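What follows is the content of model-v5.cif (mmCIF, C-alpha atoms).
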data_query
loop_
_atom_site.group_PDB
_atom_site.id
_atom_site.type_symbol
_atom_site.label_atom_id
_atom_site.label_comp_id
_atom_site.auth_asym_id
_atom_site.auth_seq_id
_atom_site.Cartn_x
_atom_site.Cartn_y
_atom_site.Cartn_z
ATOM 1 C CA MET A 272 35.082 61.745 -38.126
ATOM 2 C CA SER A 273 32.372 60.437 -35.807
ATOM 3 C CA HIS A 274 32.003 59.627 -32.130
ATOM 4 C CA ASN A 275 30.232 56.810 -30.322
ATOM 5 C CA ALA A 276 27.482 58.557 -28.382
ATOM 6 C CA PHE A 277 26.712 55.419 -26.312
ATOM 7 C CA HIS A 278 30.031 55.064 -24.468
ATOM 8 C CA ASP A 279 31.544 57.260 -21.807
ATOM 9 C CA ASP A 280 35.064 56.702 -23.160
ATOM 10 C CA ASP A 281 34.187 58.754 -26.264
ATOM 11 C CA LEU A 282 36.146 56.266 -28.403
ATOM 12 C CA GLU A 283 36.923 57.611 -31.842
ATOM 13 C CA ILE A 284 35.558 55.366 -34.594
ATOM 14 C CA VAL A 285 37.575 55.391 -37.795
ATOM 15 C CA ASP A 286 36.310 54.064 -41.102
ATOM 16 C CA ALA A 287 39.121 51.762 -42.248
ATOM 17 C CA ARG A 288 37.997 52.138 -45.882
ATOM 18 C CA LEU A 289 38.956 55.850 -45.737
ATOM 19 C CA THR A 290 42.269 55.559 -43.881
ATOM 20 C CA GLY A 291 43.531 52.204 -45.124
ATOM 21 C CA ARG A 292 44.540 51.128 -41.586
ATOM 22 C CA ARG A 293 43.256 48.035 -39.763
ATOM 23 C CA PRO A 294 40.917 48.505 -36.776
ATOM 24 C CA SER A 295 42.517 48.247 -33.346
ATOM 25 C CA HIS A 296 41.932 45.207 -31.103
ATOM 26 C CA LEU A 297 39.704 47.324 -28.845
ATOM 27 C CA GLU A 298 37.636 48.466 -31.804
ATOM 28 C CA THR A 299 37.232 44.880 -33.024
ATOM 29 C CA GLN A 300 36.262 43.546 -29.603
ATOM 30 C CA GLN A 301 33.653 46.276 -29.207
ATOM 31 C CA TYR A 302 31.754 44.954 -32.212
ATOM 32 C CA ALA A 303 32.604 41.221 -31.956
ATOM 33 C CA VAL A 304 29.677 38.869 -32.633
ATOM 34 C CA ASP A 305 29.360 35.223 -31.536
ATOM 35 C CA THR A 306 28.556 33.578 -34.876
ATOM 36 C CA ASP A 307 27.634 30.205 -33.265
ATOM 37 C CA PRO A 308 26.181 30.852 -29.813
ATOM 38 C CA ASP A 309 24.843 27.272 -29.523
ATOM 39 C CA ALA A 310 28.203 25.569 -30.135
ATOM 40 C CA PRO A 311 29.654 23.461 -27.291
ATOM 41 C CA PRO A 312 32.529 24.896 -25.235
ATOM 42 C CA GLU A 313 34.710 21.961 -26.377
ATOM 43 C CA GLY A 314 34.544 19.175 -28.933
ATOM 44 C CA ASP A 315 32.684 18.931 -32.237
ATOM 45 C CA ARG A 316 29.103 18.776 -30.973
ATOM 46 C CA TRP A 317 26.892 18.485 -27.935
ATOM 47 C CA SER A 318 26.148 14.968 -26.702
ATOM 48 C CA SER A 319 23.767 13.134 -29.031
ATOM 49 C CA TRP A 320 22.207 11.238 -26.115
ATOM 50 C CA ASP A 321 19.074 13.374 -25.891
ATOM 51 C CA GLY A 322 16.472 12.207 -28.402
ATOM 52 C CA ALA A 323 18.240 8.938 -29.261
ATOM 53 C CA THR A 324 16.963 5.402 -28.676
ATOM 54 C CA HIS A 325 18.897 4.158 -25.660
ATOM 55 C CA GLY A 326 20.487 0.825 -24.817
ATOM 56 C CA PRO A 327 19.263 -1.645 -22.199
ATOM 57 C CA LYS A 328 19.225 -1.099 -18.446
ATOM 58 C CA PRO A 329 21.026 -1.430 -16.168
ATOM 59 C CA ARG A 330 23.581 0.570 -18.109
ATOM 60 C CA PRO A 331 27.311 0.101 -17.539
ATOM 61 C CA ALA A 332 28.767 2.747 -15.224
ATOM 62 C CA TRP A 333 30.913 4.195 -18.015
ATOM 63 C CA VAL A 334 27.918 5.322 -20.128
ATOM 64 C CA ILE A 335 27.665 9.138 -20.015
ATOM 65 C CA THR A 336 24.088 10.420 -20.112
ATOM 66 C CA ASP A 337 24.752 14.038 -19.022
ATOM 67 C CA LEU A 338 23.091 16.509 -21.383
ATOM 68 C CA GLY A 339 26.014 18.887 -20.826
ATOM 69 C CA ALA A 340 28.462 16.365 -22.292
ATOM 70 C CA VAL A 341 30.212 16.984 -25.611
ATOM 71 C CA GLU A 342 31.520 14.711 -28.354
ATOM 72 C CA ALA A 343 34.352 14.617 -30.849
ATOM 73 C CA ASP A 344 35.083 12.350 -33.818
ATOM 74 C CA LEU A 345 38.629 10.979 -33.497
ATOM 75 C CA GLY A 346 38.797 9.216 -36.856
ATOM 76 C CA VAL A 347 37.808 6.072 -38.733
ATOM 77 C CA LEU A 348 38.397 2.662 -37.154
ATOM 78 C CA LYS A 349 36.999 0.526 -39.965
ATOM 79 C CA THR A 350 35.359 0.945 -43.353
ATOM 80 C CA GLY A 351 32.831 -1.469 -44.820
ATOM 81 C CA LYS A 352 30.262 -1.954 -47.569
ATOM 82 C CA GLU A 353 27.279 -1.056 -45.388
ATOM 83 C CA ALA A 354 28.823 1.264 -42.777
ATOM 84 C CA ASP A 355 31.961 2.910 -41.446
ATOM 85 C CA VAL A 356 32.997 2.723 -37.803
ATOM 86 C CA HIS A 357 34.441 5.835 -36.155
ATOM 87 C CA LEU A 358 36.140 6.381 -32.808
ATOM 88 C CA VAL A 359 33.982 8.833 -30.848
ATOM 89 C CA ARG A 360 34.927 10.500 -27.585
ATOM 90 C CA ARG A 361 32.236 11.743 -25.181
ATOM 91 C CA TRP A 362 33.122 13.716 -22.075
ATOM 92 C CA VAL A 363 31.835 16.227 -19.562
ATOM 93 C CA PRO A 364 33.937 19.417 -19.665
ATOM 94 C CA GLY A 365 35.605 20.046 -16.329
ATOM 95 C CA SER A 366 35.048 16.463 -15.104
ATOM 96 C CA PRO A 367 38.134 14.354 -15.875
ATOM 97 C CA ASP A 368 36.465 11.194 -14.556
ATOM 98 C CA ARG A 369 33.567 11.562 -17.033
ATOM 99 C CA ASP A 370 35.362 10.732 -20.274
ATOM 100 C CA VAL A 371 34.784 7.696 -22.500
ATOM 101 C CA LEU A 372 35.602 6.341 -25.939
ATOM 102 C CA MET A 373 32.879 4.701 -28.037
ATOM 103 C CA ALA A 374 32.577 3.125 -31.461
ATOM 104 C CA GLY A 375 30.235 5.046 -33.757
ATOM 105 C CA LYS A 376 28.812 2.953 -36.592
ATOM 106 C CA ARG A 377 27.504 5.178 -39.378
ATOM 107 C CA TYR A 378 25.365 3.396 -41.917
ATOM 108 C CA ARG A 379 25.450 4.350 -45.554
ATOM 109 C CA SER A 380 22.355 5.829 -47.169
ATOM 110 C CA SER A 381 20.439 3.803 -49.727
ATOM 111 C CA ARG A 382 22.323 5.614 -52.504
ATOM 112 C CA HIS A 383 25.692 4.334 -51.257
ATOM 113 C CA ARG A 384 24.870 0.816 -50.092
ATOM 114 C CA MET A 385 25.162 -2.485 -51.904
ATOM 115 C CA PHE A 386 21.834 -4.338 -52.029
ATOM 116 C CA HIS A 387 22.711 -7.397 -54.081
ATOM 117 C CA ARG A 388 23.424 -9.432 -50.919
ATOM 118 C CA ASP A 389 20.318 -8.395 -48.983
ATOM 119 C CA SER A 390 17.620 -10.714 -50.294
ATOM 120 C CA GLY A 391 18.752 -13.948 -48.656
ATOM 121 C CA TYR A 392 19.197 -12.340 -45.260
ATOM 122 C CA LEU A 393 15.889 -10.457 -45.343
ATOM 123 C CA GLU A 394 13.728 -13.519 -45.898
ATOM 124 C CA GLY A 395 11.759 -14.193 -42.746
ATOM 125 C CA ARG A 396 11.775 -10.547 -41.636
ATOM 126 C CA ARG A 397 8.427 -8.793 -41.653
ATOM 127 C CA VAL A 398 7.202 -5.243 -42.120
ATOM 128 C CA ARG A 399 3.641 -4.220 -41.369
ATOM 129 C CA LYS A 400 2.459 -2.859 -44.707
ATOM 130 C CA SER A 401 2.157 -4.814 -47.940
ATOM 131 C CA ARG A 402 3.253 -1.707 -49.880
ATOM 132 C CA GLU A 403 6.513 -1.698 -47.931
ATOM 133 C CA THR A 404 7.015 -5.421 -48.535
ATOM 134 C CA ARG A 405 6.536 -4.945 -52.306
ATOM 135 C CA ALA A 406 8.878 -1.955 -52.387
ATOM 136 C CA MET A 407 11.604 -3.934 -50.605
ATOM 137 C CA ARG A 408 11.134 -6.916 -52.914
ATOM 138 C CA THR A 409 11.292 -4.849 -56.127
ATOM 139 C CA ARG A 410 14.135 -2.614 -54.838
ATOM 140 C CA THR A 411 12.454 0.706 -55.620
ATOM 141 C CA SER A 412 14.077 3.839 -54.189
ATOM 142 C CA PHE A 413 11.535 3.745 -51.371
ATOM 143 C CA GLY A 414 12.236 0.050 -50.839
ATOM 144 C CA LYS A 415 15.981 0.635 -50.620
ATOM 145 C CA GLU A 416 15.429 3.304 -47.988
ATOM 146 C CA LEU A 417 13.330 0.831 -46.008
ATOM 147 C CA ILE A 418 15.995 -1.850 -46.274
ATOM 148 C CA SER A 419 18.711 0.561 -45.199
ATOM 149 C CA GLY A 420 16.748 1.535 -42.098
ATOM 150 C CA LEU A 421 15.761 -2.070 -41.430
ATOM 151 C CA TRP A 422 19.375 -3.217 -41.396
ATOM 152 C CA ALA A 423 20.523 -0.375 -39.138
ATOM 153 C CA PHE A 424 17.817 -0.719 -36.516
ATOM 154 C CA ALA A 425 17.921 -4.531 -36.723
ATOM 155 C CA GLU A 426 21.539 -4.454 -35.607
ATOM 156 C CA PHE A 427 20.747 -2.191 -32.649
ATOM 157 C CA GLU A 428 17.791 -4.322 -31.554
ATOM 158 C CA THR A 429 19.859 -7.484 -31.938
ATOM 159 C CA LEU A 430 22.665 -6.103 -29.774
ATOM 160 C CA VAL A 431 20.142 -5.064 -27.113
ATOM 161 C CA ARG A 432 18.726 -8.587 -26.988
ATOM 162 C CA LEU A 433 22.108 -10.304 -27.050
ATOM 163 C CA TRP A 434 23.490 -8.042 -24.333
ATOM 164 C CA ASP A 435 20.484 -8.861 -22.170
ATOM 165 C CA GLU A 436 21.139 -12.553 -22.797
ATOM 166 C CA GLY A 437 24.752 -12.218 -21.668
ATOM 167 C CA LEU A 438 26.418 -12.889 -25.019
ATOM 168 C CA PRO A 439 29.878 -11.401 -25.717
ATOM 169 C CA VAL A 440 28.857 -8.366 -27.786
ATOM 170 C CA PRO A 441 29.585 -4.639 -27.453
ATOM 171 C CA TYR A 442 27.103 -2.762 -25.275
ATOM 172 C CA PRO A 443 24.733 -0.763 -27.552
ATOM 173 C CA VAL A 444 24.713 2.775 -26.114
ATOM 174 C CA GLN A 445 22.208 4.432 -28.452
ATOM 175 C CA MET A 446 20.723 4.603 -31.937
ATOM 176 C CA SER A 447 20.082 7.958 -33.569
ATOM 177 C CA GLY A 448 19.336 8.434 -37.254
ATOM 178 C CA GLU A 449 21.967 6.509 -39.209
ATOM 179 C CA GLU A 450 24.497 6.310 -36.363
ATOM 180 C CA MET A 451 24.751 3.707 -33.627
ATOM 181 C CA LEU A 452 27.072 4.345 -30.690
ATOM 182 C CA MET A 453 28.331 1.293 -28.854
ATOM 183 C CA GLU A 454 31.029 0.100 -26.511
ATOM 184 C CA PHE A 455 34.551 0.556 -27.849
ATOM 185 C CA ILE A 456 36.487 -2.713 -27.598
ATOM 186 C CA GLY A 457 40.104 -1.712 -27.159
ATOM 187 C CA THR A 458 42.538 0.129 -24.908
ATOM 188 C CA PRO A 459 41.920 3.435 -23.082
ATOM 189 C CA ASP A 460 44.256 5.232 -25.495
ATOM 190 C CA GLY A 461 42.078 4.323 -28.495
ATOM 191 C CA GLN A 462 43.881 1.232 -29.819
ATOM 192 C CA ALA A 463 41.155 -1.042 -31.159
ATOM 193 C CA ALA A 464 41.208 -4.748 -30.313
ATOM 194 C CA PRO A 465 42.386 -6.776 -33.330
ATOM 195 C CA ARG A 466 40.130 -8.991 -35.373
ATOM 196 C CA LEU A 467 40.691 -12.693 -34.830
ATOM 197 C CA ALA A 468 41.883 -12.969 -38.436
ATOM 198 C CA GLN A 469 44.787 -10.646 -37.637
ATOM 199 C CA VAL A 470 46.298 -12.596 -34.740
ATOM 200 C CA ARG A 471 48.049 -15.882 -34.056
ATOM 201 C CA PRO A 472 47.091 -16.828 -30.506
ATOM 202 C CA ASP A 473 49.289 -19.092 -28.424
ATOM 203 C CA PRO A 474 48.355 -22.728 -29.233
ATOM 204 C CA ALA A 475 47.484 -23.292 -25.586
ATOM 205 C CA LEU A 476 44.869 -20.519 -25.833
ATOM 206 C CA LEU A 477 43.051 -21.967 -28.852
ATOM 207 C CA PRO A 478 40.908 -24.528 -26.928
ATOM 208 C CA VAL A 479 39.823 -21.772 -24.530
ATOM 209 C CA LEU A 480 38.857 -19.458 -27.377
ATOM 210 C CA PHE A 481 37.009 -22.198 -29.248
ATOM 211 C CA GLU A 482 34.984 -23.025 -26.147
ATOM 212 C CA GLN A 483 34.096 -19.321 -25.776
ATOM 213 C CA LEU A 484 32.954 -19.252 -29.399
ATOM 214 C CA ARG A 485 31.023 -22.514 -29.126
ATOM 215 C CA GLU A 486 29.203 -21.362 -26.010
ATOM 216 C CA ALA A 487 28.267 -18.034 -27.625
ATOM 217 C CA ILE A 488 26.908 -19.412 -30.901
ATOM 218 C CA LEU A 489 25.104 -22.264 -29.133
ATOM 219 C CA ARG A 490 23.281 -19.717 -26.981
ATOM 220 C CA LEU A 491 22.552 -17.744 -30.140
ATOM 221 C CA ALA A 492 21.107 -20.861 -31.789
ATOM 222 C CA GLU A 493 18.939 -21.489 -28.719
ATOM 223 C CA LEU A 494 17.426 -18.056 -29.378
ATOM 224 C CA GLY A 495 16.699 -19.234 -32.934
ATOM 225 C CA TRP A 496 19.360 -17.121 -34.621
ATOM 226 C CA ALA A 497 22.488 -17.412 -36.700
ATOM 227 C CA HIS A 498 24.967 -14.570 -37.093
ATOM 228 C CA GLY A 499 24.690 -14.961 -40.854
ATOM 229 C CA ASP A 500 28.167 -13.689 -41.708
ATOM 230 C CA LEU A 501 30.359 -15.082 -38.949
ATOM 231 C CA SER A 502 34.056 -15.259 -39.712
ATOM 232 C CA PRO A 503 37.392 -14.372 -38.043
ATOM 233 C CA TYR A 504 36.874 -10.873 -39.483
ATOM 234 C CA ASN A 505 33.725 -10.327 -37.396
ATOM 235 C CA ILE A 506 35.232 -11.394 -34.078
ATOM 236 C CA LEU A 507 37.500 -9.246 -31.923
ATOM 237 C CA LEU A 508 40.117 -10.630 -29.529
ATOM 238 C CA GLU A 509 40.236 -8.446 -26.439
ATOM 239 C CA GLY A 510 43.107 -8.874 -23.990
ATOM 240 C CA ASP A 511 45.585 -11.741 -23.920
ATOM 241 C CA GLY A 512 46.544 -14.706 -21.810
ATOM 242 C CA ASP A 513 44.098 -15.521 -19.035
ATOM 243 C CA THR A 514 42.082 -12.357 -19.728
ATOM 244 C CA ALA A 515 41.613 -12.987 -23.458
ATOM 245 C CA ARG A 516 38.009 -13.018 -24.633
ATOM 246 C CA LEU A 517 36.191 -13.062 -27.942
ATOM 247 C CA VAL A 518 33.688 -10.310 -28.807
ATOM 248 C CA LEU A 519 31.293 -10.901 -31.705
ATOM 249 C CA ILE A 520 30.498 -7.867 -33.879
ATOM 250 C CA ASP A 521 28.648 -6.855 -37.083
ATOM 251 C CA TRP A 522 25.059 -8.025 -36.592
ATOM 252 C CA PRO A 523 22.842 -6.303 -39.208
ATOM 253 C CA GLN A 524 22.340 -9.528 -41.178
ATOM 254 C CA VAL A 525 21.309 -11.732 -38.216
ATOM 255 C CA VAL A 526 19.197 -14.631 -39.544
ATOM 256 C CA ASP A 527 16.145 -16.407 -38.149
ATOM 257 C CA VAL A 528 17.256 -20.022 -38.515
ATOM 258 C CA ILE A 529 13.700 -21.391 -38.687
ATOM 259 C CA GLY A 530 11.785 -18.485 -40.254
ATOM 260 C CA ASN A 531 14.306 -17.975 -43.068
ATOM 261 C CA PRO A 532 14.267 -20.849 -45.591
ATOM 262 C CA HIS A 533 18.044 -20.417 -45.974
ATOM 263 C CA GLY A 534 18.590 -20.291 -42.210
ATOM 264 C CA PRO A 535 20.287 -23.697 -41.864
ATOM 265 C CA GLU A 536 22.639 -22.826 -44.739
ATOM 266 C CA PHE A 537 23.742 -19.625 -43.005
ATOM 267 C CA LEU A 538 24.201 -21.518 -39.744
ATOM 268 C CA GLU A 539 26.301 -24.197 -41.441
ATOM 269 C CA ARG A 540 28.451 -21.565 -43.137
ATOM 270 C CA ASP A 541 29.067 -19.782 -39.832
ATOM 271 C CA ALA A 542 30.189 -23.069 -38.260
ATOM 272 C CA ARG A 543 32.377 -23.975 -41.236
ATOM 273 C CA ASN A 544 34.121 -20.581 -41.375
ATOM 274 C CA MET A 545 35.109 -20.712 -37.726
ATOM 275 C CA CYS A 546 36.076 -24.387 -37.612
ATOM 276 C CA GLU A 547 38.340 -23.919 -40.630
ATOM 277 C CA TRP A 548 40.104 -21.008 -38.915
ATOM 278 C CA PHE A 549 40.778 -22.962 -35.710
ATOM 279 C CA THR A 550 41.954 -26.002 -37.707
ATOM 280 C CA ARG A 551 44.378 -23.862 -39.737
ATOM 281 C CA ARG A 552 45.772 -22.449 -36.494
ATOM 282 C CA GLY A 553 46.534 -25.955 -35.251
ATOM 283 C CA TYR A 554 43.461 -26.849 -33.201
ATOM 284 C CA ALA A 555 41.421 -29.357 -35.187
ATOM 285 C CA VAL A 556 37.655 -29.198 -34.640
ATOM 286 C CA ASP A 557 34.813 -31.054 -36.324
ATOM 287 C CA GLU A 558 32.564 -28.634 -38.219
ATOM 288 C CA GLY A 559 29.904 -31.298 -38.770
ATOM 289 C CA LEU A 560 29.664 -31.976 -35.057
ATOM 290 C CA LEU A 561 29.430 -28.256 -34.265
ATOM 291 C CA PHE A 562 26.751 -27.694 -36.911
ATOM 292 C CA GLY A 563 24.751 -30.634 -35.553
ATOM 293 C CA ASP A 564 24.872 -29.184 -32.057
ATOM 294 C CA LEU A 565 23.783 -25.792 -33.387
ATOM 295 C CA MET A 566 20.834 -27.179 -35.353
ATOM 296 C CA ALA A 567 19.742 -29.217 -32.331
ATOM 297 C CA ALA A 568 19.826 -26.075 -30.213
ATOM 298 C CA ALA A 569 17.939 -24.024 -32.822
ATOM 299 C CA THR A 570 15.134 -26.584 -33.131
ATOM 300 C CA SER A 571 14.923 -27.507 -29.439
ATOM 301 C CA ARG A 572 12.172 -24.972 -28.763
ATOM 302 C CA TRP A 573 9.843 -26.416 -31.404
#
In structure tokens, write the structure found in this file.
Amino acid sequence: MSHNAFHDDDLEIVDARLTGRRPSHLETQQYAVDTDPDAPPEGDRWSSWDGATHGPKPRPAWVITDLGAVEADLGVLKTGKEADVHLVRRWVPGSPDRDVLMAGKRYRSSRHRMFHRDSGYLEGRRVRKSRETRAMRTRTSFGKELISGLWAFAEFETLVRLWDEGLPVPYPVQMSGEEMLMEFIGTPDGQAAPRLAQVRPDPALLPVLFEQLREAILRLAELGWAHGDLSPYNILLEGDGDTARLVLIDWPQVVDVIGNPHGPEFLERDARNMCEWFTRRGYAVDEGLLFGDLMAAATSRW
């Protein structure tokens, strides 16, 4: 039997190995240790804002930059070949009005990505060192790592530029490592907006939606770019009726129409994919006319 000489209550300390009984709650609390003193008071992690590359200013009012904010992963919204998109909540504990949902795009490492489609898109992109260019061309392990990072940061930079230009894209909140956080397009309760391929809009809405699309990709062509993989699967339909709007997503493969020798082919394919969808839904549009307008816009600055 021993006594604790450092407490006035003279609490008897019993070795449970000798008596076979479990320690009392008071005995346990006296020797409790915080095994993770740096953990946030709520959520999965502290806010990842600090140290990340941030989106363009002025920022939307809903963006939370408080270093005392916390985050939680609420599940997967979408899986893909190059990345998975998660629903991420960021909030400030004790401040109910500082609570937002975001989409977290997590890019796969070079070991888990598919590189057979990269070469056509990457033509026209430049890296500074010839060693890096050779590694990317020959698909060495180092080259695959470069490509993986190039695709991830290219999407963030593209969204920053397009947001600044007023195109209908999600606001890019931040880029950190292999995760990009951006505006969540959906309802406050976490219901994601459907892809255009999943819906059948009212026939009266189709001309409005096509004009939204045409205006967006024409402005994109004026900047010298093509989406490169545009289809009804890479467009979200937010809202309905008079408030319905298209939001273009998935930009890692954005193509320089002039600098990439296959640029016009990508541009034509984007136009064809979308015109075919509208025609199948009952609103006939001329893909040749749209492609001609896009090429004229892309070459107008030369």
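Note that the spacing between atom CA of A:Leu348 and atom CA of A:Ala374 amounts to 8.2 Å.
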inquiry  = With 7 Å as the threshold, what does the neighbourhood of (30.9, 6.5, -21.2) contain in terms of residues, counting all atoms listed in the file? Coordinates are those of the file; answer as a list of chain:residue names.
reply    =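 Checked against the point, the hits come out as A:Trp333, A:Val334, A:Ile335, A:Arg361, A:Asp370, A:Val371, A:Leu372.
For the pair atom CA of A:Pro367 and atom CA of A:Thr324, the separation is 26.3 Å.
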ask   = Which residue, A:Arg490, A:Arg485, A:Lys328, A:Arg471, has the smallest gap to A:Asp557 when you use only C-alpha atoms?
value =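 Of the candidates, the smallest distance to A:Asp557 is held by A:Arg485.
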inquiry  = Just the number, please: distance in Å from atom CA of A:Val359 to atom CA of A:His325, one decimal.
reply    = 16.6 Å
